[in-house]
Amino acid sequence: MPEKLFLFDFDGVLVDSLALYEKSVNVCLERIGQRPIEGREAFLDLFEENFYCAISKRGVDVVEFMKASKSVTPTLDYGIVRPFTELIPVLAQLKKRSALVIISSNSSFAIRLMLERFGFAPCFDDILGADFNFSKVEKILYAKGHFGTNGGHSLYVCDTAGDILEAREAGVKTVAVTWGWHPRERLERARPDVIVNQPEELLDL
């Protein structure tokens with residue numbers, strides 16, 4: 001049994017993919033006859049809660065959205081995504097004593113593609129994307145059960161207020177990073193257990 005379970009959000013934590021993700025969402029919305037999200041701030045507002053709950057409140061049929069996503073995802077230009085490569089040695093150190101799992105609203109297809117491209121793939125034991133479950137609460141609970149860790153030894157490393165809320169509901173320690181999508185001020189309002197500014201700080205948790 002691992003000493004700890006480190007759960008990682010993907011977009012904004014492991015890779016700088018905001019422009020790509022925003023474009024993907026808007027293309028999917030247009031394909032199903034919904035108006036796109038206008039402006040970066042409005043897009044980031046969707047992540048004050050679970051992303052799929054947020055778009056559902058806008059009248060989006062999430063099932064139809066996911067059908068569109070399956071056809072859109074393979075066509076995206078992943079070359080515009082920048083990995084946070086300084087995380088790789090940190091992840092390698094964490095993996096020596098902990099299980100590492102990705103919990104994301106992105107598709108597992110896109111995540112696997114980018115993990116392989118950027119050299120992150122060997123670090124992770126599992127990927128739980130949108131195709132596994134829309135709810136990050138449910139994904140976190142599944143990972144805790146599968147890897148046999150309790151809430152005190154399970155941490156979710158994330159970058160949005162919505163992530164913090166879902167991780168808290170799932171009973172794990174919340175670790176917010178300041179290099180992601182939501183600025184520090186938004187993260188502080190969501191009251192994470194820890195805020196880290198540099199990847200190396202994760203080794204002290």
# chains A, B, ... in the order shown; residues from 1 in each chain; ligands from 1
>>> residues_around(residues="Gly119 in chain A", least_positions_apart="4", cutoff="12 Å", atoms="only C-alpha atoms", output="list in words")
Leu14, Val15, Pro83, Phe84, Thr85, Glu86, Leu87, Ile88, Pro89, Leu91, Ala92, Ile111, Arg112, Leu113, Met114, Leu115, Cys123 and Phe124 of chain A
>>> select_by_dssp(residues="range 47-203 of chain A", states="strand (DSSP E or B)", output="MDAnalysis selection string")
chainID A and resid 82:83 98:103 126:128 154:158 173:177 194:196
>>> residues_around(residues="range 130-133 of chain A", least_positions_apart="4", cutoff="12 Å", atoms="only C-alpha atoms", output="ChimeraX atom specification")
/A:9-10,50-52,62-63,65-67,69-70,102-111,126,137-143
>>> closest_residue(among="A:Glu166, A:Asp159, A:Glu116, A:Glu38", to="Lys23 in chain A", atoms="only C-alpha atoms")
A:Glu38
>>> select_by_dssp(residues="range 35-175 of chain A", states="helix (DSSP H, G or I)", output="NGL selection string")
:A and (40-48 or 51-57 or 62-75 or 78-80 or 87-95 or 108-118 or 121-123 or 136-147 or 151-153 or 161-169)
>>> closest_residue(among="A:Ala167, A:Lys144, A:Cys158, A:Trp181", to="Ile195 in chain A", atoms="only C-alpha atoms")
A:Cys158
>>> closest_residue(among="A:Leu20, A:Leu7, A:Leu187, A:Leu46", to="Tyr156 in chain A", atoms="only C-alpha atoms")
A:Leu7
>>> atom_distance(atom1="CA of Phe47 in chain A", atom2="CA of Thr160 in chain A")
6.2 Å
